[in-house]
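Content type PDB, C-alpha atoms, pLDDT in the B column, from the file target-v8.pdb:
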ATOM      1  CA  MET A  19       0.000   0.000   0.000  1.00 64.00           C
ATOM      2  CA  ARG A  20       1.401   3.364  -1.034  1.00 72.00           C
ATOM      3  CA  ARG A  21       0.116   5.459   1.915  1.00 73.00           C
ATOM      4  CA  GLN A  22       1.314   3.506   4.948  1.00 67.00           C
ATOM      5  CA  ASP A  23       0.078   6.321   7.193  1.00 69.00           C
ATOM      6  CA  ARG A  24      -3.476   5.324   6.236  1.00 74.00           C
ATOM      7  CA  LEU A  25      -3.058   1.610   6.878  1.00 75.00           C
ATOM      8  CA  MET A  26      -5.646   0.458   9.396  1.00 90.00           C
ATOM      9  CA  PRO A  27      -4.651  -2.055  12.095  1.00 86.00           C
ATOM     10  CA  GLN A  28      -5.908  -5.508  11.111  1.00 89.00           C
ATOM     11  CA  ALA A  29      -8.234  -5.759  14.134  1.00 92.00           C
ATOM     12  CA  GLU A  30      -9.848  -2.455  13.122  1.00 92.00           C
ATOM     13  CA  ALA A  31     -10.241  -3.659   9.519  1.00 93.00           C
ATOM     14  CA  PHE A  32     -11.937  -6.841  10.773  1.00 95.00           C
ATOM     15  CA  SER A  33     -14.230  -4.774  13.008  1.00 94.00           C
ATOM     16  CA  LEU A  34     -15.228  -2.652  10.002  1.00 95.00           C
ATOM     17  CA  LEU A  35     -15.927  -5.847   8.055  1.00 96.00           C
ATOM     18  CA  GLN A  36     -18.178  -7.124  10.847  1.00 96.00           C
ATOM     19  CA  LYS A  37     -20.205  -3.933  11.198  1.00 95.00           C
ATOM     20  CA  GLY A  38     -20.481  -2.987   7.501  1.00 96.00           C
ATOM     21  CA  GLU A  39     -23.965  -2.600   6.049  1.00 95.00           C
ATOM     22  CA  TYR A  40     -23.173  -4.242   2.718  1.00 97.00           C
ATOM     23  CA  GLY A  41     -20.130  -5.287   0.719  1.00 97.00           C
ATOM     24  CA  ILE A  42     -19.107  -5.411  -2.913  1.00 98.00           C
ATOM     25  CA  LEU A  43     -18.343  -8.938  -4.056  1.00 98.00           C
ATOM     26  CA  SER A  44     -15.956  -9.019  -7.012  1.00 98.00           C
ATOM     27  CA  THR A  45     -15.661 -12.147  -9.100  1.00 98.00           C
ATOM     28  CA  ALA A  46     -14.254 -13.113 -12.479  1.00 97.00           C
ATOM     29  CA  SER A  47     -15.809 -15.300 -15.160  1.00 95.00           C
ATOM     30  CA  ALA A  48     -14.114 -18.233 -16.867  1.00 94.00           C
ATOM     31  CA  THR A  49     -12.980 -15.735 -19.535  1.00 95.00           C
ATOM     32  CA  ASN A  50     -11.696 -13.298 -16.856  1.00 94.00           C
ATOM     33  CA  GLU A  51     -14.571 -10.839 -17.266  1.00 96.00           C
ATOM     34  CA  PRO A  52     -14.787  -8.900 -13.970  1.00 97.00           C
ATOM     35  CA  TYR A  53     -18.075  -8.582 -12.122  1.00 97.00           C
ATOM     36  CA  GLY A  54     -18.767  -6.631  -8.935  1.00 97.00           C
ATOM     37  CA  VAL A  55     -22.085  -6.719  -7.131  1.00 97.00           C
ATOM     38  CA  PRO A  56     -23.293  -5.373  -3.761  1.00 97.00           C
ATOM     39  CA  VAL A  57     -24.484  -8.029  -1.322  1.00 97.00           C
ATOM     40  CA  ASN A  58     -25.807  -8.249   2.210  1.00 97.00           C
ATOM     41  CA  TYR A  59     -23.557 -10.436   4.330  1.00 98.00           C
ATOM     42  CA  CYS A  60     -22.615 -11.549   7.796  1.00 98.00           C
ATOM     43  CA  VAL A  61     -19.339 -12.574   9.380  1.00 98.00           C
ATOM     44  CA  ILE A  62     -19.181 -15.760  11.401  1.00 97.00           C
ATOM     45  CA  ASP A  63     -15.815 -16.687  12.882  1.00 92.00           C
ATOM     46  CA  GLU A  64     -13.283 -15.987  10.128  1.00 91.00           C
ATOM     47  CA  SER A  65     -15.677 -16.282   7.178  1.00 97.00           C
ATOM     48  CA  ILE A  66     -18.064 -14.044   5.266  1.00 98.00           C
ATOM     49  CA  TYR A  67     -21.473 -15.444   4.310  1.00 98.00           C
ATOM     50  CA  PHE A  68     -23.977 -14.174   1.760  1.00 98.00           C
ATOM     51  CA  HIS A  69     -27.097 -15.597   0.160  1.00 96.00           C
ATOM     52  CA  CYS A  70     -28.344 -15.373  -3.395  1.00 95.00           C
ATOM     53  CA  ALA A  71     -30.767 -16.897  -5.868  1.00 93.00           C
ATOM     54  CA  THR A  72     -30.232 -20.451  -7.054  1.00 91.00           C
ATOM     55  CA  THR A  73     -28.786 -19.381 -10.433  1.00 92.00           C
ATOM     56  CA  GLY A  74     -27.028 -16.339 -11.830  1.00 93.00           C
ATOM     57  CA  LYS A  75     -23.796 -14.684 -12.839  1.00 95.00           C
ATOM     58  CA  LYS A  76     -22.335 -14.682  -9.288  1.00 96.00           C
ATOM     59  CA  ILE A  77     -22.710 -18.430  -9.072  1.00 96.00           C
ATOM     60  CA  GLU A  78     -21.369 -19.020 -12.588  1.00 96.00           C
ATOM     61  CA  ASN A  79     -18.309 -16.914 -11.803  1.00 97.00           C
ATOM     62  CA  ILE A  80     -17.636 -18.491  -8.408  1.00 97.00           C
ATOM     63  CA  THR A  81     -17.924 -21.938  -9.966  1.00 96.00           C
ATOM     64  CA  ALA A  82     -15.412 -20.960 -12.670  1.00 96.00           C
ATOM     65  CA  THR A  83     -13.071 -18.921 -10.461  1.00 96.00           C
ATOM     66  CA  PRO A  84     -13.582 -19.278  -6.694  1.00 97.00           C
ATOM     67  CA  ARG A  85     -10.958 -16.649  -5.797  1.00 97.00           C
ATOM     68  CA  VAL A  86     -12.870 -13.448  -4.928  1.00 98.00           C
ATOM     69  CA  SER A  87     -12.438  -9.995  -3.480  1.00 98.00           C
ATOM     70  CA  PHE A  88     -14.848  -8.362  -1.040  1.00 98.00           C
ATOM     71  CA  CYS A  89     -14.840  -4.648  -0.206  1.00 98.00           C
ATOM     72  CA  VAL A  90     -16.646  -2.768   2.556  1.00 97.00           C
ATOM     73  CA  VAL A  91     -16.750   1.017   2.833  1.00 94.00           C
ATOM     74  CA  GLY A  92     -17.601   2.417   6.237  1.00 90.00           C
ATOM     75  CA  GLU A  93     -18.191   6.036   7.134  1.00 86.00           C
ATOM     76  CA  THR A  94     -17.282   8.656   4.549  1.00 84.00           C
ATOM     77  CA  GLU A  95     -17.336  12.431   4.505  1.00 81.00           C
ATOM     78  CA  ILE A  96     -16.430  14.671   1.588  1.00 88.00           C
ATOM     79  CA  VAL A  97     -14.263  17.606   2.687  1.00 87.00           C
ATOM     80  CA  PRO A  98     -14.678  20.165  -0.129  1.00 90.00           C
ATOM     81  CA  ALA A  99     -12.252  22.742   1.294  1.00 86.00           C
ATOM     82  CA  ASP A 100      -9.485  20.107   1.401  1.00 85.00           C
ATOM     83  CA  PHE A 101     -10.404  18.601  -1.982  1.00 88.00           C
ATOM     84  CA  GLY A 102     -10.518  15.285  -0.210  1.00 84.00           C
ATOM     85  CA  THR A 103     -12.558  12.691   1.582  1.00 84.00           C
ATOM     86  CA  LYS A 104     -12.532  11.187   5.044  1.00 87.00           C
ATOM     87  CA  TYR A 105     -13.155   7.448   4.727  1.00 85.00           C
ATOM     88  CA  GLU A 106     -12.621   3.959   6.069  1.00 93.00           C
ATOM     89  CA  SER A 107     -12.609   0.789   4.012  1.00 94.00           C
ATOM     90  CA  CYS A 108     -11.408  -2.772   4.043  1.00 96.00           C
ATOM     91  CA  ILE A 109     -10.686  -5.297   1.331  1.00 96.00           C
ATOM     92  CA  VAL A 110     -10.754  -9.057   1.761  1.00 97.00           C
ATOM     93  CA  THR A 111      -9.403 -11.683  -0.583  1.00 97.00           C
ATOM     94  CA  GLY A 112     -10.510 -15.258  -0.228  1.00 98.00           C
ATOM     95  CA  LEU A 113     -11.992 -18.389  -1.666  1.00 98.00           C
ATOM     96  CA  ALA A 114     -15.743 -18.716  -2.142  1.00 98.00           C
ATOM     97  CA  SER A 115     -17.548 -22.012  -1.761  1.00 97.00           C
ATOM     98  CA  GLU A 116     -21.135 -23.052  -1.211  1.00 97.00           C
ATOM     99  CA  ALA A 117     -22.422 -23.720   2.301  1.00 98.00           C
ATOM    100  CA  PHE A 118     -24.819 -26.610   2.893  1.00 97.00           C
ATOM    101  CA  GLY A 119     -26.815 -28.139   5.735  1.00 96.00           C
ATOM    102  CA  ALA A 120     -26.098 -26.840   9.232  1.00 96.00           C
ATOM    103  CA  GLU A 121     -23.590 -24.296   7.925  1.00 97.00           C
ATOM    104  CA  LYS A 122     -26.179 -22.863   5.519  1.00 97.00           C
ATOM    105  CA  GLN A 123     -28.720 -22.622   8.343  1.00 97.00           C
ATOM    106  CA  LEU A 124     -26.175 -20.928  10.629  1.00 97.00           C
ATOM    107  CA  ALA A 125     -25.388 -18.360   7.912  1.00 97.00           C
ATOM    108  CA  LEU A 126     -29.053 -17.616   7.206  1.00 97.00           C
ATOM    109  CA  GLU A 127     -29.666 -17.142  10.931  1.00 97.00           C
ATOM    110  CA  GLY A 128     -26.613 -14.871  11.047  1.00 97.00           C
ATOM    111  CA  LEU A 129     -28.112 -12.714   8.302  1.00 97.00           C
ATOM    112  CA  VAL A 130     -31.404 -12.475  10.213  1.00 97.00           C
ATOM    113  CA  ARG A 131     -29.550 -11.493  13.410  1.00 96.00           C
ATOM    114  CA  LYS A 132     -27.571  -8.821  11.566  1.00 97.00           C
ATOM    115  CA  TYR A 133     -30.334  -7.234   9.491  1.00 97.00           C
ATOM    116  CA  SER A 134     -33.546  -8.054  11.406  1.00 96.00           C
ATOM    117  CA  ALA A 135     -32.501  -8.571  15.033  1.00 94.00           C
ATOM    118  CA  GLN A 136     -35.858  -7.359  16.349  1.00 96.00           C
ATOM    119  CA  PHE A 137     -37.674 -10.041  14.289  1.00 95.00           C
ATOM    120  CA  ILE A 138     -35.808 -13.273  15.110  1.00 95.00           C
ATOM    121  CA  PRO A 139     -38.872 -15.554  15.432  1.00 93.00           C
ATOM    122  CA  GLN A 140     -40.337 -14.252  12.160  1.00 95.00           C
ATOM    123  CA  GLY A 141     -36.906 -14.533  10.521  1.00 93.00           C
ATOM    124  CA  LEU A 142     -36.556 -18.170  11.534  1.00 93.00           C
ATOM    125  CA  ARG A 143     -39.955 -18.905  10.003  1.00 94.00           C
ATOM    126  CA  TYR A 144     -38.910 -17.030   6.860  1.00 93.00           C
ATOM    127  CA  ILE A 145     -35.755 -19.142   6.611  1.00 94.00           C
ATOM    128  CA  GLU A 146     -37.783 -22.335   7.005  1.00 93.00           C
ATOM    129  CA  LYS A 147     -40.140 -21.268   4.231  1.00 90.00           C
ATOM    130  CA  PHE A 148     -37.519 -20.088   1.714  1.00 91.00           C
ATOM    131  CA  ARG A 149     -34.329 -22.019   2.597  1.00 89.00           C
ATOM    132  CA  ASP A 150     -34.533 -24.197  -0.516  1.00 91.00           C
ATOM    133  CA  LYS A 151     -35.048 -21.180  -2.778  1.00 92.00           C
ATOM    134  CA  ALA A 152     -31.691 -19.647  -1.863  1.00 95.00           C
ATOM    135  CA  ARG A 153     -28.065 -20.619  -1.972  1.00 97.00           C
ATOM    136  CA  VAL A 154     -25.509 -19.548   0.597  1.00 98.00           C
ATOM    137  CA  PHE A 155     -21.821 -19.009  -0.028  1.00 98.00           C
ATOM    138  CA  ARG A 156     -18.889 -18.700   2.348  1.00 98.00           C
ATOM    139  CA  ILE A 157     -15.810 -16.624   1.648  1.00 98.00           C
ATOM    140  CA  SER A 158     -12.893 -18.111   3.559  1.00 98.00           C
ATOM    141  CA  ILE A 159     -10.780 -15.063   4.342  1.00 97.00           C
ATOM    142  CA  GLN A 160      -7.190 -15.347   3.146  1.00 97.00           C
ATOM    143  CA  SER A 161      -6.212 -11.717   3.681  1.00 96.00           C
ATOM    144  CA  ILE A 162      -7.775  -8.529   4.943  1.00 96.00           C
ATOM    145  CA  PHE A 163      -6.453  -5.012   5.045  1.00 92.00           C
ATOM    146  CA  GLY A 164      -8.032  -1.680   5.743  1.00 94.00           C
ATOM    147  CA  LYS A 165      -7.237   1.939   5.157  1.00 93.00           C
ATOM    148  CA  ALA A 166      -8.645   5.132   6.546  1.00 88.00           C
ATOM    149  CA  ASN A 167      -8.313   8.882   6.269  1.00 82.00           C
ATOM    150  CA  LYS A 168      -9.966  10.302   9.356  1.00 78.00           C
ATOM    151  CA  ALA A 169      -8.066  13.577   9.574  1.00 68.00           C
TER     152      ALA A 169
END

As structure tokens - that is how I would like this structure written.
Amino acid sequence: MRRQDRLMPQAEAFSLLQKGEYGILSTASATNEPYGVPVNYCVIDESIYFHCATTGKKIENITATPRVSFCVVGETEIVPADFGTKYESCIVTGLASEAFGAEKQLALEGLVRKYSAQFIPQGLRYIEKFRDKARVFRISIQSIFGKANKA
């Protein structure tokens, strides 16, 4: 990283990853066509989980090339007088693979806890009803780094 003064401690980068509202999943097709898409996600232990439909470009790309990148941007503030921006972000690289069975259930429950914590019972019923209409993927984190300009 060019600006070492903006390098975020790894624990802070992981904290940003955990609390982020959404992330941008970047994949590549079998012909190396890049594709980035925003997704809701949760972090459980050292892995990122997201759900999606049962077919689509994300799945095709992950099947062809499981190595992915995942970016989260936290708080930002444009500072017009300084011609700059205050920001915090983190980037993860890892391997994506599909989650099944108990792991899939754990991830879906994690998503409900993150995005609908006040509706856990309803969320569990929702999972039961739609579990087979969704796929869940895990990104096993290989590296994470963050950067910030808070001055």

Residues matched by the PyMOL selection byres ((chain A and resi 110) around 6), written as a list in words: Ser87, Phe88, Ile109, Thr111, Ser161 and Ile162 of chain A

Closest of A:Glu78, A:Pro27, A:Glu93, A:Val154 to Ala120 in chain A - atom-to-atom distances counting all atoms listed in the file: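 The answer is A:Val154, which sits nearest to Ala120 in chain A.
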
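Nearest to Arg131 in chain A of all the residues A:Val97, A:Ile145, A:Val86, A:Ala46 is A:Ile145, based on all atoms listed in the file.
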
Residue IDs satisfying the PyMOL selection byres ((chain A and resi 128) around 12), as a PyMOL selection string: chain A and resi 36+58-63+65-69+121-127+129-135+138+141-142+145+154

Target residues per the PyMOL selection byres ((chain A and resi 71) around 10), formatted as a PyMOL selection string: chain A and resi 69-70+72-74+76-77+150-154

With C-alpha atoms retained, write the just-selected residues as a tab-separated table (two decimals), in the coordinates of the input.
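Contents of the output file selection_20.tsv:
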chain	number	residue	atom	x	y	z
A	69	HIS	CA	-27.10	-15.60	0.16
A	70	CYS	CA	-28.34	-15.37	-3.40
A	72	THR	CA	-30.23	-20.45	-7.05
A	73	THR	CA	-28.79	-19.38	-10.43
A	74	GLY	CA	-27.03	-16.34	-11.83
A	76	LYS	CA	-22.34	-14.68	-9.29
A	77	ILE	CA	-22.71	-18.43	-9.07
A	150	ASP	CA	-34.53	-24.20	-0.52
A	151	LYS	CA	-35.05	-21.18	-2.78
A	152	ALA	CA	-31.69	-19.65	-1.86
A	153	ARG	CA	-28.06	-20.62	-1.97
A	154	VAL	CA	-25.51	-19.55	0.60

Distance of CA of Met26 in chain A from CA of Cys108 in chain A, expressed in Å to one decimal place: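 According to the coordinates, CA of Cys108 in chain A and CA of Met26 in chain A are separated by 8.5 Å.
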
Expected answer as a PyMOL selection string: all residues with atoms within 8 Å of (-11.4, 9.3, 2.2), all atoms listed in the file: chain A and resi 94-96+102-106+166-168

Counting all atoms listed in the file, the residue of A:Leu43, A:Ala99, A:Ala114, A:Val57 that sits nearest Thr81 in chain A: A:Ala114

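Atom pair CA of Glu64 in chain A / CA of Gly112 in chain A has a distance of 10.7 Å (rounded to one decimal).
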
d(CA of Gly54 in chain A, CA of Glu146 in chain A) in Å: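 Here the two named atoms are 29.4 Å from each other.
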
Residue with smallest distance to Glu116 in chain A - pool A:Gly38, A:Gly164, A:Pro52, A:Pro84, counting only C-alpha atoms: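 For Glu116 in chain A, the nearest of the candidates is A:Pro84.
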
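Proximity ranking of A:Val90, A:Ala48, A:Ile80, A:Val55 relative to Leu34 in chain A places A:Val90 first, based on only C-alpha atoms.
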
Nearest to Thr45 in chain A by atom-to-atom distance, counting all atoms listed in the file, from A:Ser107, A:Ser33, A:Ser115, A:Asn79: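 Looking at the shortest contact to Thr45 in chain A, the residue is A:Asn79.
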
Please, what is the axis-aligned box for every listed atom of range 110-128 of chain A with 3 Å on each side, as centre and edge lengths in Å to one decimal, as lines of an AutoDock Vina configuration file?
center_x = -19.5
center_y = -18.6
center_z = 4.5
size_x = 26.3
size_y = 25.1
size_z = 19.2
